[in-house]
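Below you'll find the structure, written out as structure tokens, and then a few comments.
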Amino acid sequence: MGGHGGGTAEVEGSSGLRAVVMDRIGEPVVVREVPDPTPPAGGVVVRVHATGLCRSDWHAWAGHDDVALPHVPGHELAGVVVEVGAGVERWAVGDRVTVPFVCGCGRCEHCRSGNAQVCPQQEQPGFTHWGSFAELVALHAADTNLVAVPEGVSFAAAASLGCRFATAFRALTARARLEAGEWLTVVGTGGVGLSAVMIAKALGARVVAVDRHQVALDAASALGADHVLLATGPTTDGVLPDGLPGSDVPARVHELTGGGSQVAVDAVGSEQTCADSVLSLRRRGRHVQVGLLPPVGGHPRVPMARVIGWELDLLGSHGMAAADYPAMLALIASGALRPQQLIERVVGLDEAAALLPVFDRASPAGMTMIDPLRG
Ligand SMILES: [Zn+2]
Ligand SMILES: [Zn+2]
């Protein structure tokens, strides 16, 4: 797929660049020099100034995705264009850019209609080819996928958008069509859940945040969540009316919101959190599934009797196309949205290599950002 990782770059004569490299699934990762990438036709090479460390990177490290080894992870990035491939019209060396984690082909009916996030030929840096845990990264179909980063937006803030923040933005706006005054339940307040809390408050909605960790709920409160609920796991009898593995979260949400929330998001991705989200809804409410439910976890049982009887909408959300970024960037430039507040810490490549294998056990109250130029 990519020029990078596809063996097209030559070691000899290359200056070399530092990257976090996975040689084997589930084993320690190292920082070492790799060949410079070359821009694919229609693509560019970007010098990475910021790249987020995400649970999806850990999934790839753990073998839940099909990646070719050796591999360089990283899919939430921002930086400066340093080389432009043949046929690129909209971009030049020196441009400040970011990309969605789903990069569309730019040619199919979905890409042409502005929906590159569901492109059947999509590329994902850090999955389908080498990603951004490196000083340089190659990106495909630049005219479709690159987004200009305004001067007033930092690289770190821009990099935080590509996966979790943009996914939350699209889930609440384009998918759920959340309105001012409505109640939103956010199940799971990690990176994507906290993004949802911030965006919902900016839209004038009221928020109930749910998580198993008090530190994550404290972060949600700091972002303006109206109520926080500590999830304590299944109820004592362990079963809800639909026969699902239940918790007391839905009942507590119904109490706080006077009958359930209009919109609910499962930002975790498990049978339990999906059911908690659906069952927290008011009649005719809208559920958005954002947390991944990989086949490795088995197919979740979903309370479909409630979906029918209460006329609930079940919606999926998969990132956000570059074409939809301007509205979100305008809110960031105006200060209405402040993704930089979600960044908990900035580390270099060496520390990132140490953090990746233990990322599933870490519970940071916000995002970890990597600056590859920091060493
Ligand atoms: Zn396409
Ligand atoms: Zn991500």
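Chain identifiers are assigned as A, B, and so on, following the order in which chains appear in the structure tokens; residues are numbered from 1 within each chain, and ligands are numbered from 1 in order of appearance.
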
What's around segment 342-353 of chain A at 8 Å? Count only C-alpha atoms, leave out sequence neighbours fewer than 4 positions away in its own chain, and write the answer as a PDB file with N, CA and C atoms, in the first residue's frame.
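Result went into result.pdb, see below:
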```
ATOM      1  N   ALA A  19      12.120   6.711  14.390  1.00  0.00           N
ATOM      2  CA  ALA A  19      10.732   6.260  14.434  1.00  0.00           C
ATOM      3  C   ALA A  19      10.573   5.216  15.526  1.00  0.00           C
ATOM      4  N   VAL A  20       9.358   5.104  16.046  1.00  0.00           N
ATOM      5  CA  VAL A  20       9.001   4.024  16.971  1.00  0.00           C
ATOM      6  C   VAL A  20       8.632   2.816  16.109  1.00  0.00           C
ATOM      7  N   PRO A  28       8.277  -5.708  23.066  1.00  0.00           N
ATOM      8  CA  PRO A  28       8.722  -4.320  23.257  1.00  0.00           C
ATOM      9  C   PRO A  28       8.994  -3.618  21.926  1.00  0.00           C
ATOM     10  N   VAL A  29       8.684  -2.332  21.854  1.00  0.00           N
ATOM     11  CA  VAL A  29       8.948  -1.546  20.653  1.00  0.00           C
ATOM     12  C   VAL A  29      10.197  -0.710  20.891  1.00  0.00           C
ATOM     13  N   VAL A  30      10.880  -0.348  19.796  1.00  0.00           N
ATOM     14  CA  VAL A  30      12.148   0.370  19.919  1.00  0.00           C
ATOM     15  C   VAL A  30      12.104   1.645  19.072  1.00  0.00           C
ATOM     16  N   VAL A  31      12.964   2.584  19.418  1.00  0.00           N
ATOM     17  CA  VAL A  31      13.157   3.767  18.578  1.00  0.00           C
ATOM     18  C   VAL A  31      14.439   3.551  17.795  1.00  0.00           C
ATOM     19  N   LEU A  53      -1.051   9.568  21.215  1.00  0.00           N
ATOM     20  CA  LEU A  53      -0.978   8.149  21.562  1.00  0.00           C
ATOM     21  C   LEU A  53      -2.386   7.705  21.959  1.00  0.00           C
ATOM     22  N   PHE A 133       4.443   7.997  14.403  1.00  0.00           N
ATOM     23  CA  PHE A 133       5.360   7.959  15.545  1.00  0.00           C
ATOM     24  C   PHE A 133       6.775   8.019  14.972  1.00  0.00           C
ATOM     25  N   ALA A 134       7.050   9.090  14.258  1.00  0.00           N
ATOM     26  CA  ALA A 134       8.288   9.240  13.498  1.00  0.00           C
ATOM     27  C   ALA A 134       8.467  10.715  13.168  1.00  0.00           C
ATOM     28  N   SER A 160      -4.717  16.463  18.080  1.00  0.00           N
ATOM     29  CA  SER A 160      -5.715  15.847  18.965  1.00  0.00           C
ATOM     30  C   SER A 160      -7.058  15.685  18.266  1.00  0.00           C
ATOM     31  N   GLY A 191     -10.420   9.769  26.180  1.00  0.00           N
ATOM     32  CA  GLY A 191     -10.185  10.849  25.216  1.00  0.00           C
ATOM     33  C   GLY A 191     -11.417  11.225  24.413  1.00  0.00           C
ATOM     34  N   LEU A 194     -14.353  12.559  26.868  1.00  0.00           N
ATOM     35  CA  LEU A 194     -14.118  13.924  27.344  1.00  0.00           C
ATOM     36  C   LEU A 194     -14.309  14.931  26.212  1.00  0.00           C
ATOM     37  N   SER A 195     -13.902  14.541  25.000  1.00  0.00           N
ATOM     38  CA  SER A 195     -14.150  15.405  23.839  1.00  0.00           C
ATOM     39  C   SER A 195     -15.645  15.633  23.677  1.00  0.00           C
ATOM     40  N   ARG A 338     -11.845  23.953  22.891  1.00  0.00           N
ATOM     41  CA  ARG A 338     -10.448  24.057  23.295  1.00  0.00           C
ATOM     42  C   ARG A 338      -9.831  22.672  23.460  1.00  0.00           C
ATOM     43  N   PRO A 357       3.195  -0.338  25.038  1.00  0.00           N
ATOM     44  CA  PRO A 357       2.766  -1.677  25.470  1.00  0.00           C
ATOM     45  C   PRO A 357       1.909  -1.692  26.739  1.00  0.00           C
ATOM     46  N   PRO A 364      -4.944   7.635  31.907  1.00  0.00           N
ATOM     47  CA  PRO A 364      -4.682   9.071  31.961  1.00  0.00           C
ATOM     48  C   PRO A 364      -5.979   9.852  31.841  1.00  0.00           C
ATOM     49  N   ALA A 365      -6.065  10.944  32.574  1.00  0.00           N
ATOM     50  CA  ALA A 365      -7.258  11.785  32.516  1.00  0.00           C
ATOM     51  C   ALA A 365      -7.091  12.780  31.374  1.00  0.00           C
ATOM     52  N   GLY A 366      -7.039  12.284  30.155  1.00  0.00           N
ATOM     53  CA  GLY A 366      -6.842  13.132  28.987  1.00  0.00           C
ATOM     54  C   GLY A 366      -5.911  12.460  28.014  1.00  0.00           C
ATOM     55  N   MET A 367      -5.413  13.250  27.048  1.00  0.00           N
ATOM     56  CA  MET A 367      -4.635  12.676  25.954  1.00  0.00           C
ATOM     57  C   MET A 367      -3.131  12.793  26.200  1.00  0.00           C
ATOM     58  N   THR A 368      -2.402  11.786  25.698  1.00  0.00           N
ATOM     59  CA  THR A 368      -0.934  11.827  25.691  1.00  0.00           C
ATOM     60  C   THR A 368      -0.501  12.219  24.282  1.00  0.00           C
ATOM     61  N   MET A 369       0.297  13.280  24.177  1.00  0.00           N
ATOM     62  CA  MET A 369       0.750  13.789  22.873  1.00  0.00           C
ATOM     63  C   MET A 369       2.252  13.548  22.757  1.00  0.00           C
ATOM     64  N   ILE A 370       2.693  13.157  21.553  1.00  0.00           N
ATOM     65  CA  ILE A 370       4.113  12.909  21.293  1.00  0.00           C
ATOM     66  C   ILE A 370       4.647  14.033  20.417  1.00  0.00           C
ATOM     67  N   ASP A 371       5.824  14.567  20.796  1.00  0.00           N
ATOM     68  CA  ASP A 371       6.537  15.501  19.931  1.00  0.00           C
ATOM     69  C   ASP A 371       7.807  14.804  19.462  1.00  0.00           C
ATOM     70  N   PRO A 372       7.841  14.302  18.202  1.00  0.00           N
ATOM     71  CA  PRO A 372       8.989  13.514  17.733  1.00  0.00           C
ATOM     72  C   PRO A 372      10.287  14.320  17.695  1.00  0.00           C
ATOM     73  N   LEU A 373      10.188  15.629  17.682  1.00  0.00           N
ATOM     74  CA  LEU A 373      11.397  16.456  17.606  1.00  0.00           C
ATOM     75  C   LEU A 373      12.011  16.656  18.988  1.00  0.00           C
ATOM     76  N   ARG A 374      11.326  16.154  20.007  1.00  0.00           N
ATOM     77  CA  ARG A 374      11.804  16.291  21.388  1.00  0.00           C
ATOM     78  C   ARG A 374      12.834  15.210  21.706  1.00  0.00           C
ATOM     79  N   GLY A 375      12.943  14.167  20.859  1.00  0.00           N
ATOM     80  CA  GLY A 375      13.911  13.095  21.106  1.00  0.00           C
ATOM     81  C   GLY A 375      13.288  11.899  21.781  1.00  0.00           C
TER      82      GLY A 375
END
```

Would you tabulate, counting only C-alpha atoms and all ligand atoms, all residues of chain A that have an atom at most 6 Å from an atom of ligand 2, showing the closest pair of atoms and their distance in Å to one decimal, sorted by chain then ascending number, as JSON lines?
```
{"residue": "A:Cys54", "atom": "CA", "partner": "ligand 2", "partner_atom_place_in_ligand_line": "1 (Zn)", "distance": 4.5}
{"residue": "A:Ser56", "atom": "CA", "partner": "ligand 2", "partner_atom_place_in_ligand_line": "1 (Zn)", "distance": 5.4}
{"residue": "A:Glu76", "atom": "CA", "partner": "ligand 2", "partner_atom_place_in_ligand_line": "1 (Zn)", "distance": 5.9}
{"residue": "A:Cys163", "atom": "CA", "partner": "ligand 2", "partner_atom_place_in_ligand_line": "1 (Zn)", "distance": 4.5}
{"residue": "A:Arg164", "atom": "CA", "partner": "ligand 2", "partner_atom_place_in_ligand_line": "1 (Zn)", "distance": 5.7}
```

Selected residues written out, all heavy atoms, as a PDB file, in the first residue's frame:
```
ATOM      1  N   CYS A  54      -2.933   6.727  21.213  1.00  0.00           N
ATOM      2  CA  CYS A  54      -4.353   6.389  21.291  1.00  0.00           C
ATOM      3  C   CYS A  54      -4.512   4.899  21.562  1.00  0.00           C
ATOM      4  O   CYS A  54      -3.643   4.094  21.238  1.00  0.00           O
ATOM      5  CB  CYS A  54      -4.991   6.760  19.950  1.00  0.00           C
ATOM      6  SG  CYS A  54      -6.701   6.285  19.707  1.00  0.00           S
ATOM      7  N   SER A  56      -6.198   2.895  19.974  1.00  0.00           N
ATOM      8  CA  SER A  56      -6.145   2.155  18.708  1.00  0.00           C
ATOM      9  C   SER A  56      -4.706   1.713  18.387  1.00  0.00           C
ATOM     10  O   SER A  56      -4.506   0.658  17.780  1.00  0.00           O
ATOM     11  CB  SER A  56      -6.675   3.017  17.562  1.00  0.00           C
ATOM     12  OG  SER A  56      -8.016   3.364  17.792  1.00  0.00           O
ATOM     13  N   GLU A  76      -2.805  10.103  14.692  1.00  0.00           N
ATOM     14  CA  GLU A  76      -3.396  11.404  15.080  1.00  0.00           C
ATOM     15  C   GLU A  76      -2.278  12.425  15.001  1.00  0.00           C
ATOM     16  O   GLU A  76      -1.521  12.568  15.944  1.00  0.00           O
ATOM     17  CB  GLU A  76      -3.924  11.335  16.522  1.00  0.00           C
ATOM     18  CG  GLU A  76      -4.860  10.188  16.779  1.00  0.00           C
ATOM     19  CD  GLU A  76      -5.360  10.148  18.228  1.00  0.00           C
ATOM     20  OE1 GLU A  76      -4.846  10.911  19.064  1.00  0.00           O
ATOM     21  OE2 GLU A  76      -6.270   9.361  18.499  1.00  0.00           O
ATOM     22  N   CYS A 163      -8.585  11.866  15.418  1.00  0.00           N
ATOM     23  CA  CYS A 163      -9.266  10.609  15.714  1.00  0.00           C
ATOM     24  C   CYS A 163     -10.358  10.868  16.735  1.00  0.00           C
ATOM     25  O   CYS A 163     -11.541  10.904  16.421  1.00  0.00           O
ATOM     26  CB  CYS A 163      -8.212   9.626  16.212  1.00  0.00           C
ATOM     27  SG  CYS A 163      -8.808   8.099  16.900  1.00  0.00           S
ATOM     28  N   ARG A 164      -9.985  11.119  17.970  1.00  0.00           N
ATOM     29  CA  ARG A 164     -10.966  11.125  19.043  1.00  0.00           C
ATOM     30  C   ARG A 164     -11.854  12.368  19.045  1.00  0.00           C
ATOM     31  O   ARG A 164     -13.074  12.269  19.167  1.00  0.00           O
ATOM     32  CB  ARG A 164     -10.256  10.936  20.390  1.00  0.00           C
ATOM     33  CG  ARG A 164      -9.712   9.524  20.500  1.00  0.00           C
ATOM     34  CD  ARG A 164      -8.728   9.352  21.619  1.00  0.00           C
ATOM     35  NE  ARG A 164      -7.413   9.899  21.300  1.00  0.00           N
ATOM     36  CZ  ARG A 164      -6.389   9.846  22.115  1.00  0.00           C
ATOM     37  NH1 ARG A 164      -6.507   9.283  23.299  1.00  0.00           N
ATOM     38  NH2 ARG A 164      -5.221  10.349  21.760  1.00  0.00           N
TER      39      ARG A 164
END
```

Which residues, written as a PyMOL selection string, have at least one atom at most 12 Å from Trp130 of chain A, with only C-alpha atoms counted and residues fewer than 5 positions away on the same chain left out?
chain A and resi 1-7+19-22+34-38+45+57+60+67-75+123-125+135-140

Write the residues of the preceding selection, restricted to C-alpha atoms, as a tab-separated table (two decimals), in the first residue's frame.
```tsv
chain	number	residue	atom	x	y	z
A	1	MET	CA	0.00	0.00	0.00
A	2	GLY	CA	2.18	2.85	1.18
A	3	GLY	CA	5.52	3.81	-0.26
A	4	HIS	CA	6.62	3.56	3.34
A	5	GLY	CA	6.73	0.00	4.58
A	6	GLY	CA	6.34	-1.18	1.03
A	7	GLY	CA	10.08	-1.43	0.62
A	19	ALA	CA	10.73	6.26	14.43
A	20	VAL	CA	9.00	4.02	16.97
A	21	VAL	CA	9.20	0.57	15.36
A	22	MET	CA	7.19	-2.59	16.16
A	34	VAL	CA	14.44	4.05	9.34
A	35	PRO	CA	14.63	5.17	5.69
A	36	ASP	CA	13.06	8.47	4.70
A	37	PRO	CA	9.58	8.02	3.19
A	38	THR	CA	8.91	9.14	-0.37
A	45	VAL	CA	5.48	13.71	3.17
A	57	ASP	CA	-2.32	2.13	18.56
A	60	ALA	CA	-2.45	-2.67	16.64
A	67	VAL	CA	-0.55	-4.74	10.19
A	68	ALA	CA	2.55	-5.65	8.16
A	69	LEU	CA	5.76	-5.93	10.22
A	70	PRO	CA	7.98	-4.13	10.88
A	71	HIS	CA	5.47	-1.37	11.57
A	72	VAL	CA	5.41	2.26	12.71
A	73	PRO	CA	2.16	3.20	14.55
A	74	GLY	CA	0.55	6.64	14.83
A	75	HIS	CA	-2.57	8.13	13.24
A	123	GLU	CA	-5.89	4.26	4.01
A	124	GLN	CA	-5.13	4.74	7.69
A	125	PRO	CA	-1.65	5.97	8.64
A	135	GLU	CA	9.90	12.46	12.37
A	136	LEU	CA	8.33	12.09	8.90
A	137	VAL	CA	5.16	10.39	7.61
A	138	ALA	CA	3.81	9.75	4.09
A	139	LEU	CA	0.12	10.57	3.48
A	140	HIS	CA	-2.08	9.50	0.56
```

Give me the residues near Ser270 of chain A as a PyMOL selection string, where near means some atom within 12 Å (using only C-alpha atoms) and where sequence neighbours in that chain fewer than 3 positions away do not count.
chain A and resi 187-188+245+266-267+273-277+289-302

According to DSSP computed on the backbone, where in segment 77-314 of chain A is there strand (DSSP E)? Give the residues as a PyMOL selection string.
chain A and resi 77-84+96-98+136-139+147-148+183-187+206-211+227-230+234-239+245-247+261-266+281-289+313-314

Do a neighbour search on Ala219 of chain A at 10 Å with only C-alpha atoms, toss out local chain neighbours closer than 3 positions, and write the hits as a compact mmCIF listing (two decimals) with N, CA and C atoms, in the first residue's frame.
```
# COMPACT_ATOMS: atom_id res chain seq x y z
N THR A 189 -15.41 8.24 29.90
CA THR A 189 -14.83 9.57 29.71
C THR A 189 -13.32 9.48 29.58
N GLY A 190 -12.85 8.69 28.59
CA GLY A 190 -11.47 8.75 28.14
C GLY A 190 -11.35 9.88 27.12
N LEU A 194 -14.35 12.56 26.87
CA LEU A 194 -14.12 13.92 27.34
C LEU A 194 -14.31 14.93 26.21
N VAL A 197 -17.97 15.53 25.97
CA VAL A 197 -18.45 16.42 27.04
C VAL A 197 -18.19 17.88 26.65
N GLN A 214 -12.96 7.55 39.11
CA GLN A 214 -13.28 8.87 39.63
C GLN A 214 -12.42 9.95 38.97
N VAL A 215 -11.15 9.64 38.66
CA VAL A 215 -10.26 10.65 38.06
C VAL A 215 -10.79 11.08 36.69
N ALA A 216 -11.38 10.13 35.96
CA ALA A 216 -11.96 10.47 34.65
C ALA A 216 -13.21 11.32 34.83
N ALA A 222 -14.65 19.02 35.35
CA ALA A 222 -13.88 20.23 35.05
C ALA A 222 -14.26 20.80 33.68
N LEU A 223 -14.74 19.94 32.77
CA LEU A 223 -15.14 20.40 31.44
C LEU A 223 -16.61 20.81 31.41
N GLY A 224 -17.30 20.73 32.55
CA GLY A 224 -18.66 21.26 32.62
C GLY A 224 -19.77 20.23 32.65
N ALA A 225 -19.44 18.95 32.81
CA ALA A 225 -20.51 17.94 32.91
C ALA A 225 -21.46 18.32 34.05
N LEU A 342 -7.55 19.06 26.57
CA LEU A 342 -7.66 17.62 26.77
C LEU A 342 -6.29 16.95 26.81
N ALA A 365 -6.06 10.94 32.57
CA ALA A 365 -7.26 11.78 32.52
C ALA A 365 -7.09 12.78 31.37
N GLY A 366 -7.04 12.28 30.15
CA GLY A 366 -6.84 13.13 28.99
C GLY A 366 -5.91 12.46 28.01
```

What does the list of residues within 12 Å of ligand 1 look like if you count only C-alpha atoms and all ligand atoms, written as a JSON list (two decimals) with C-alpha atoms, in the first residue's frame?
```
[["chain", "number", "residue", "atom", "x", "y", "z"],
["A", 102, "VAL", "CA", -9.41, 7.67, 7.83],
["A", 103, "CYS", "CA", -7.91, 8.88, 4.56],
["A", 104, "GLY", "CA", -10.23, 8.31, 1.58],
["A", 105, "CYS", "CA", -9.11, 7.41, -1.95],
["A", 106, "GLY", "CA", -10.52, 10.66, -3.37],
["A", 107, "ARG", "CA", -12.06, 8.93, -6.40],
["A", 108, "CYS", "CA", -15.04, 6.77, -5.28],
["A", 109, "GLU", "CA", -18.68, 7.90, -4.94],
["A", 110, "HIS", "CA", -18.32, 8.23, -1.14],
["A", 111, "CYS", "CA", -15.22, 10.43, -1.33],
["A", 112, "ARG", "CA", -16.77, 12.57, -4.07],
["A", 113, "SER", "CA", -19.86, 13.13, -1.89],
["A", 114, "GLY", "CA", -17.68, 14.32, 1.02],
["A", 115, "ASN", "CA", -17.84, 11.04, 2.98],
["A", 116, "ALA", "CA", -14.24, 9.84, 2.84],
["A", 117, "GLN", "CA", -14.73, 8.47, 6.38],
["A", 118, "VAL", "CA", -16.49, 5.42, 4.86],
["A", 119, "CYS", "CA", -14.34, 5.04, 1.72],
["A", 120, "PRO", "CA", -14.01, 1.34, 0.79],
["A", 121, "GLN", "CA", -10.39, 1.93, -0.34],
["A", 122, "GLN", "CA", -9.47, 4.01, 2.71],
["A", 123, "GLU", "CA", -5.89, 4.26, 4.01],
["A", 140, "HIS", "CA", -2.08, 9.50, 0.56],
["A", 141, "ALA", "CA", -4.58, 11.40, -1.63],
["A", 144, "THR", "CA", -8.89, 14.82, -0.49],
["A", 145, "ASN", "CA", -7.52, 14.31, 3.00],
["A", 321, "ALA", "CA", -13.92, 13.49, 6.60]]
```

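Within 12 Å of Ala327 of chain A, once only C-alpha atoms are used and residues closer than 5 positions along the same chain are dropped, the contacting residues are A:Val147, A:Ala166, A:Phe169, A:Arg170, A:Thr173, A:Ala174, A:Met320, A:Ala321, A:Ala322, A:Ile332, A:Ala333, A:Ser334, A:Ala336, A:Leu337.
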
According to DSSP computed on the backbone, where in segment 130-258 of chain A is there alpha helix (DSSP H)? Give the residues as a ChimeraX atom specification.
/A:142-145,155-159,166-170,191-202,214-222,249-257

If you count only C-alpha atoms, which residues fall within 6 Å of Ala50 of chain A, apart from same-chain ones fewer than 4 positions away, as a count of residues only?
7

For a quick check of understanding, using only C-alpha atoms, which of A:Pro39, A:Ala157, A:Gly316, A:Ala209 has the smallest distance to Gln341 of chain A?
A:Ala157

Proximity to Trp61 of chain A - best of A:Ile25, A:Ala354, A:Val46, A:Leu184, only C-alpha atoms
A:Ile25
